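Enquirer: Here's a structure for you.
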Amino acid sequence: MKISLHKITRENFDAVIGLSLRDDQKDVLPSNVFSIAESTLSPLFHPRAICQDDKVVGFAMYQFGEIGDFDEDDCTIWRFMIDQQHQSTGIGTIALGLVIEEIKSYHRAKLIDIYYHPENLAAKKLYAKFGFKVVGDRDDGTLIAEIAI
């Protein structure tokens, strides 16, 4: 099983927006269409298709700094999802590792943070594997976890 990250292109766009979550996950993550549209708002966003061999099986998006703030000491993973048919297969663990390595390759960020809904236990477990620690929450109750790199 070869897992890789790819930029969003015309060739993989339909596959990325066709990915789906389990019913219990749909309310805790914006759609991939919304995320790709959002990524056009700033050159600091990096949307990625997660592929197993040549098949799109997930989506991730990270951003250096904040919108309007070019402090590149921080990087936020805004989106991370694996299609419901490919969850619990180890793909998410490999893919998150690839996202973190890609972020490190820029040699810009000292900290990575990630947000997730407190009821998303699969996300909590996955992020903890990489050393993410909850450091607070947002006004909407979303948890903020971070790791130093």
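To be explicit about the labels: the chains of the structure tokens are called A, B, and onward in the order shown, and within each one the residues are counted from 1, while ligands get numbers from 1 in the order they are shown.
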To test your reading of the structure, identify every residue in chain A that backbone DSSP assigns to helix (DSSP H, G or I), and report it as a ChimeraX atom specification.
Expert: /A:10-17,23-28,32-39,84-86,91-105,121-129
Enquirer: Fewer than 4 positions away in the same chain doesn't count, so skip those; otherwise give me all residues within 9 Å of Lys133 (chain A), counting only C-alpha atoms, as a list in words.
Expert: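 Near neighbours after the sequence-gap exclusion: Tyr127, Ala128, Ile144, Ala145, Glu146 and Ile147 of chain A.
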Enquirer: Could you build a table of the residues in region 45-132 of chain A lying no more than 6 Å from region 6-24 of chain A, giving for each the nearest pair of atoms and their separation in Å rounded to one decimal place, using only C-alpha atoms, ordered by chain and ascending residue number, as a tab-separated table?
Expert:
```
residue	atom	partner	partner_atom	distance
A:Arg48	CA	A:Lys7	CA	4.9
A:Ala49	CA	A:His6	CA	5.1
A:Asp83	CA	A:Ser20	CA	5.2
A:Gln84	CA	A:Leu21	CA	4.9
```
Enquirer: Just the selected residues (N, CA and C atoms), exported as a PDB file, in the first residue's frame, please.
Expert:
```pdb
ATOM      1  N   ARG A  48      -4.478  19.127  -0.261  1.00  0.00           N
ATOM      2  CA  ARG A  48      -3.850  17.932  -0.797  1.00  0.00           C
ATOM      3  C   ARG A  48      -4.842  16.775  -0.900  1.00  0.00           C
ATOM      4  N   ALA A  49      -4.756  16.055  -2.000  1.00  0.00           N
ATOM      5  CA  ALA A  49      -5.458  14.780  -2.132  1.00  0.00           C
ATOM      6  C   ALA A  49      -4.577  13.723  -1.488  1.00  0.00           C
ATOM      7  N   ASP A  83     -11.831   8.958   3.479  1.00  0.00           N
ATOM      8  CA  ASP A  83     -13.127   8.471   3.041  1.00  0.00           C
ATOM      9  C   ASP A  83     -13.603   7.331   3.945  1.00  0.00           C
ATOM     10  N   GLN A  84     -14.905   7.292   4.183  1.00  0.00           N
ATOM     11  CA  GLN A  84     -15.465   6.312   5.110  1.00  0.00           C
ATOM     12  C   GLN A  84     -15.115   4.865   4.749  1.00  0.00           C
TER      13      GLN A  84
END
```
Enquirer: Would you mind reading off the distance between CA of Ile112 (chain A) and CA of Pro30 (chain A), one decimal, in Å?
Expert: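 So the two atoms, CA of Ile112 (chain A) and CA of Pro30 (chain A), lie 20.1 Å apart.
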Enquirer: For each of A:Ile114, A:Val33, A:Ile3, A:Ala109, take the minimum atom-to-atom distance to Asp53 (chain A), counting only C-alpha atoms, then give the residue where this is smallest.
Expert: A:Ile3
Enquirer: What is the CA of Leu41 (chain A) to CA of Phe59 (chain A) distance in Å?
Expert: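 Answer for the CA of Leu41 (chain A) to CA of Phe59 (chain A) separation: 17.9 Å.
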Enquirer: Please, what distance in Å, to one decimal, runs between CA of Lys110 (chain A) and CA of Phe130 (chain A)?
Expert: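 Computing it gives 15.2 Å between the two atoms.
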